[in-house]
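Below is the file work_6.tsv, which contains TSV, C-alpha atoms.
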```
chain	number	residue	atom	x	y	z
A	1	MET	CA	-45.48	-11.13	19.38
A	2	LYS	CA	-43.68	-14.45	19.66
A	3	LYS	CA	-42.65	-14.26	15.99
A	4	LEU	CA	-41.19	-10.79	16.53
A	5	LEU	CA	-39.11	-12.04	19.44
A	6	ILE	CA	-37.83	-14.98	17.38
A	7	ILE	CA	-36.98	-12.75	14.41
A	8	GLY	CA	-35.32	-10.20	16.70
A	9	SER	CA	-33.30	-12.92	18.40
A	10	VAL	CA	-32.15	-14.32	15.07
A	11	ILE	CA	-31.05	-10.84	13.94
A	12	VAL	CA	-29.12	-10.27	17.19
A	13	VAL	CA	-27.41	-13.66	16.87
A	14	LEU	CA	-26.46	-12.93	13.23
A	15	PHE	CA	-24.94	-9.56	14.16
A	16	ALA	CA	-23.05	-11.11	17.07
A	17	THR	CA	-21.72	-13.85	14.76
A	18	ILE	CA	-20.55	-11.26	12.22
A	19	ILE	CA	-18.77	-9.27	14.94
A	20	VAL	CA	-17.06	-12.37	16.33
A	21	LEU	CA	-15.95	-13.55	12.87
A	22	THR	CA	-14.60	-10.09	12.00
A	23	ASN	CA	-12.63	-9.96	15.24
A	24	VAL	CA	-11.19	-13.44	14.67
A	25	SER	CA	-10.22	-12.49	11.12
A	26	ASN	CA	-8.60	-9.24	12.27
A	27	LYS	CA	-6.60	-11.00	14.99
A	28	SER	CA	-5.08	-13.36	12.45
A	29	LYS	CA	-4.20	-10.38	10.24
A	30	MET	CA	-2.64	-8.47	13.12
A	31	ALA	CA	0.45	-10.68	13.23
A	32	LYS	CA	1.16	-9.94	9.57
A	33	ALA	CA	0.31	-6.27	10.10
A	34	GLN	CA	2.85	-5.99	12.91
A	35	GLU	CA	5.46	-7.55	10.66
A	36	LEU	CA	4.81	-4.87	8.03
A	37	TYR	CA	3.77	-1.81	10.05
A	38	GLY	CA	5.08	-2.40	13.55
A	39	ASP	CA	2.77	-1.48	16.43
A	40	LYS	CA	0.75	1.14	14.52
A	41	ASP	CA	-3.03	1.01	14.87
A	42	LEU	CA	-4.25	0.35	11.35
A	43	THR	CA	-7.44	1.16	9.50
A	44	GLN	CA	-9.69	-1.73	8.51
A	45	GLU	CA	-8.80	-1.15	4.84
A	46	THR	CA	-5.12	-1.67	5.56
A	47	LEU	CA	-5.82	-4.72	7.71
A	48	ASP	CA	-7.83	-6.21	4.87
A	49	GLN	CA	-4.83	-5.75	2.57
A	50	VAL	CA	-1.95	-7.05	4.71
A	51	THR	CA	-2.21	-10.59	3.38
A	52	ASP	CA	-2.31	-9.49	-0.28
A	53	GLU	CA	0.92	-10.68	-1.95
A	54	ASN	CA	1.15	-7.40	-3.90
A	55	TYR	CA	1.54	-5.36	-0.70
A	56	GLN	CA	4.41	-7.09	1.07
A	57	LYS	CA	7.20	-4.55	0.44
A	58	ILE	CA	5.93	-1.98	2.91
A	59	MET	CA	8.41	0.72	3.86
A	60	LEU	CA	7.80	2.94	6.86
A	61	PRO	CA	8.27	6.72	6.43
A	62	ASP	CA	11.26	6.85	8.81
A	63	GLU	CA	13.07	4.23	6.73
A	64	LEU	CA	12.45	6.20	3.53
A	65	GLU	CA	13.74	9.40	5.13
A	66	LYS	CA	16.90	7.64	6.35
A	67	LYS	CA	17.64	6.19	2.91
A	68	ILE	CA	17.09	9.53	1.19
A	69	ALA	CA	19.27	11.34	3.77
A	70	ALA	CA	22.01	8.74	3.25
A	71	GLY	CA	21.93	9.43	-0.50
A	72	GLU	CA	20.81	5.94	-1.38
A	73	SER	CA	18.95	5.20	-4.59
A	74	VAL	CA	15.35	4.63	-3.48
A	75	ASN	CA	12.15	3.77	-5.30
A	76	ALA	CA	9.07	4.76	-3.35
A	77	TYR	CA	5.58	3.68	-4.36
A	78	PHE	CA	2.89	5.69	-2.60
A	79	PHE	CA	-0.51	4.00	-2.47
A	80	SER	CA	-3.73	3.90	-0.52
A	81	PRO	CA	-5.75	0.77	0.26
A	82	THR	CA	-8.89	2.76	-0.60
A	83	CYS	CA	-7.62	3.85	-4.04
A	84	VAL	CA	-9.25	1.92	-6.87
A	85	HIS	CA	-6.44	2.95	-9.23
A	86	CYS	CA	-3.87	1.52	-6.81
A	87	GLN	CA	-5.86	-1.71	-6.51
A	88	ALA	CA	-5.81	-2.04	-10.29
A	89	PHE	CA	-2.22	-0.90	-10.88
A	90	THR	CA	-0.29	-2.58	-8.06
A	91	PRO	CA	-0.89	-6.12	-9.44
A	92	VAL	CA	0.64	-4.86	-12.72
A	93	LEU	CA	3.55	-3.05	-11.06
A	94	MET	CA	4.79	-5.64	-8.60
A	95	PRO	CA	5.45	-8.55	-11.00
A	96	ILE	CA	7.32	-6.18	-13.33
A	97	VAL	CA	9.55	-4.74	-10.58
A	98	ASP	CA	10.25	-8.31	-9.45
A	99	GLU	CA	11.04	-9.39	-13.00
A	100	LEU	CA	13.40	-6.42	-13.55
A	101	ASP	CA	14.87	-6.81	-10.03
A	102	VAL	CA	13.94	-3.25	-9.03
A	103	ASP	CA	14.00	-2.65	-5.28
A	104	ILE	CA	10.85	-0.83	-4.21
A	105	GLY	CA	9.33	0.37	-0.97
A	106	GLN	CA	5.57	0.71	-0.69
A	107	LEU	CA	4.31	3.59	1.45
A	108	ASN	CA	0.72	3.65	2.65
A	109	VAL	CA	-0.60	7.23	2.54
A	110	LEU	CA	-3.82	6.24	4.30
A	111	GLU	CA	-1.85	5.26	7.40
A	112	TYR	CA	0.78	7.99	7.09
A	113	ARG	CA	-1.13	11.07	5.96
A	114	ALA	CA	1.85	13.41	6.38
A	115	LEU	CA	3.43	11.77	3.31
A	116	TRP	CA	1.00	13.68	1.07
A	117	ASP	CA	2.55	17.04	1.92
A	118	GLN	CA	6.05	15.82	2.66
A	119	TYR	CA	6.51	14.39	-0.85
A	120	ASN	CA	4.00	16.56	-2.73
A	121	ILE	CA	1.75	13.62	-3.53
A	122	GLU	CA	-1.22	14.84	-5.56
A	123	ALA	CA	-2.83	11.48	-6.30
A	124	THR	CA	-2.27	7.79	-5.84
A	125	PRO	CA	-0.60	5.75	-7.07
A	126	THR	CA	2.61	7.79	-7.24
A	127	PHE	CA	6.06	6.33	-7.89
A	128	ILE	CA	9.11	8.46	-7.03
A	129	HIS	CA	12.74	7.59	-7.75
A	130	PHE	CA	15.33	9.26	-5.49
A	131	GLU	CA	19.10	9.44	-6.03
A	132	ASP	CA	21.74	11.26	-3.98
A	133	GLY	CA	19.09	12.56	-1.59
A	134	LYS	CA	16.94	14.14	-4.30
A	135	GLU	CA	13.91	13.21	-6.34
A	136	VAL	CA	14.98	12.57	-9.93
A	137	SER	CA	11.78	11.24	-11.49
A	138	ARG	CA	8.18	10.32	-10.79
A	139	PHE	CA	4.99	9.18	-12.38
A	140	VAL	CA	1.49	9.68	-11.08
A	141	GLY	CA	-1.46	7.43	-11.76
A	142	ALA	CA	-1.82	4.07	-13.36
A	143	ILE	CA	0.26	3.84	-16.52
A	144	SER	CA	0.34	1.11	-19.13
A	145	GLU	CA	2.64	-1.87	-18.77
A	146	GLU	CA	4.70	-0.60	-21.71
A	147	GLN	CA	5.05	2.87	-20.18
A	148	LEU	CA	5.99	1.30	-16.84
A	149	ARG	CA	8.72	-0.84	-18.37
A	150	ASP	CA	10.02	2.17	-20.29
A	151	PHE	CA	10.06	4.32	-17.12
A	152	LEU	CA	11.82	1.68	-15.05
A	153	ASN	CA	14.42	0.95	-17.72
A	154	LYS	CA	15.21	4.61	-18.48
A	155	GLU	CA	14.79	6.31	-15.12
A	156	VAL	CA	15.58	3.62	-12.56
A	157	LEU	CA	17.80	1.05	-14.26
A	158	LYS	CA	19.37	3.62	-16.64
A	159	LYS	CA	19.25	1.28	-19.65
```
Using structure tokens, write down the structure from this file.
Amino acid sequence: MKKLLIIGSVIVVLFATIIVLTNVSNKSKMAKAQELYGDKDLTQETLDQVTDENYQKIMLPDELEKKIAAGESVNAYFFSPTCVHCQAFTPVLMPIVDELDVDIGQLNVLEYRALWDQYNIEATPTFIHFEDGKEVSRFVGAISEEQLRDFLNKEVLKK
């Protein structure tokens, strides 16, 4: 009986420690999350991603709508923190857009579910290029580095 109490106590202490450490970790991420997402309550998957250097160009849906309505040229990258294809493709995409000096806004469809219907997103990742208030091109899914460079040069940079 004594052994059961000791084992039970150890298990309770371990769970309490895990909860405390998770809360401490989340609090440190919240400052960065507020910088990127404002005051929105975020899912744990998004919180886990806010310190990833590949997800620092977050654009909020209102900002995208304003830019499109103003007729600005906008590149929107729709992703989900739970998408394995996004997790594999984003580290390929971001260095290339930086290298080519392509301005891009990342939109999190996990946090803003209305984006799926609003922009006819069928899968993530999806990249849409807008000009003069209209969509002019898109690609869906993870594409090769060569295809990505070709798309950006032809469709976005018009080279």
Please enclose the listed atoms of segment 37-47 of chain A in an axis-aligned box, pad each side by 4 Å, and write out the centre and the three edge lengths in Å, rounded to one decimal, as lines of an AutoDock Vina configuration file.
```
center_x = -2.3
center_y = -1.8
center_z = 10.6
size_x = 22.8
size_y = 13.9
size_z = 19.6
```
Residue with smallest distance to Phe151 of chain A - pool A:Lys40, A:Lys134, A:Lys2, A:His129, counting only C-alpha atoms: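 Counting only C-alpha atoms, the residue closest to Phe151 of chain A is A:His129.
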Please measure the separation of atom CA of Gly8 of chain A and atom CA of Leu21 of chain A, giving the value in Å to one decimal.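 Pair atom CA of Gly8 of chain A / atom CA of Leu21 of chain A returns 20.0 Å.
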What does the structure give for the distance between atom CA of Glu111 of chain A and atom CA of Asp48 of chain A, in Å to one decimal?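 Atom CA of Asp48 of chain A lies at a distance of 13.2 Å from atom CA of Glu111 of chain A.
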Take atom CA of Glu122 of chain A and atom CA of Asn75 of chain A and report the distance between them in Å, one decimal. 17.4 Å
Of the candidates A:Asp101, A:Thr126, A:Leu148, A:Met1, which one gets nearest to His85 of chain A if we count all atoms listed in the file?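 Of A:Asp101, A:Thr126, A:Leu148, A:Met1, the one nearest His85 of chain A is A:Thr126, counting all atoms listed in the file.
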Excluding Asp103 of chain A and residues on its chain fewer than 3 positions from it, collect all residues at most 9 Å away from it, counting only C-alpha atoms, and give them as a PyMOL selection string. chain A and resi 74-75+97-98
For Glu145 of chain A, list every protein, DNA or RNA residue within 8 Å, evaluated using all atoms listed in the file, and leave out those in the same chain fewer than 4 positions away; present the list as a VMD selection string. chain A and resid 92 to 93 149
Residues near Tyr77 of chain A, anyone? I mean within 7 Å using only C-alpha atoms, not counting same-chain ones fewer than 3 positions away, as a PyMOL selection string. chain A and resi 104-107+126-128
Could you tell me which of A:Leu115, A:Ile96, A:Met30, A:Val102 comes closest to Glu65 of chain A if we count all atoms listed in the file? A:Leu115
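Among the candidates A:Pro61, A:Pro125, A:Gly71, A:Gly38, the residue lying nearest to Phe89 of chain A is A:Pro125 (atoms considered: all atoms listed in the file).
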Go through A:Ala88, A:Ile19, A:Val136, A:Met94 one by one, measure the shortest atom-to-atom distance of each to Glu53 of chain A using only C-alpha atoms, and give the residue with the smallest value. A:Met94
Do a neighbour search on Lys67 of chain A at 10 Å with only C-alpha atoms, toss out local chain neighbours closer than 3 positions, and write the hits as a PyMOL selection string. chain A and resi 62-64+70-74+130-133
Distance query Tyr112 of chain A at most 12 Å, all atoms listed in the file, self and fewer than 2 positions along chain excluded, as a PyMOL selection string: chain A and resi 37+40-43+46+58-62+78-81+106-110+114-119
Any chance you could export the current selection's C-alpha atoms as a CSV table (one decimal), in the coordinates of the input?
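So out-v5.csv came out as:
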```
chain,number,residue,atom,x,y,z
A,37,TYR,CA,3.8,-1.8,10.0
A,40,LYS,CA,0.8,1.1,14.5
A,41,ASP,CA,-3.0,1.0,14.9
A,42,LEU,CA,-4.2,0.4,11.4
A,43,THR,CA,-7.4,1.2,9.5
A,46,THR,CA,-5.1,-1.7,5.6
A,58,ILE,CA,5.9,-2.0,2.9
A,59,MET,CA,8.4,0.7,3.9
A,60,LEU,CA,7.8,2.9,6.9
A,61,PRO,CA,8.3,6.7,6.4
A,62,ASP,CA,11.3,6.8,8.8
A,78,PHE,CA,2.9,5.7,-2.6
A,79,PHE,CA,-0.5,4.0,-2.5
A,80,SER,CA,-3.7,3.9,-0.5
A,81,PRO,CA,-5.8,0.8,0.3
A,106,GLN,CA,5.6,0.7,-0.7
A,107,LEU,CA,4.3,3.6,1.4
A,108,ASN,CA,0.7,3.6,2.6
A,109,VAL,CA,-0.6,7.2,2.5
A,110,LEU,CA,-3.8,6.2,4.3
A,114,ALA,CA,1.8,13.4,6.4
A,115,LEU,CA,3.4,11.8,3.3
A,116,TRP,CA,1.0,13.7,1.1
A,117,ASP,CA,2.6,17.0,1.9
A,118,GLN,CA,6.0,15.8,2.7
A,119,TYR,CA,6.5,14.4,-0.8
```
Proximity to Lys32 of chain A - best of A:Gln44, A:Arg113, A:Gln49, A:Val20, all atoms listed in the file: A:Gln49
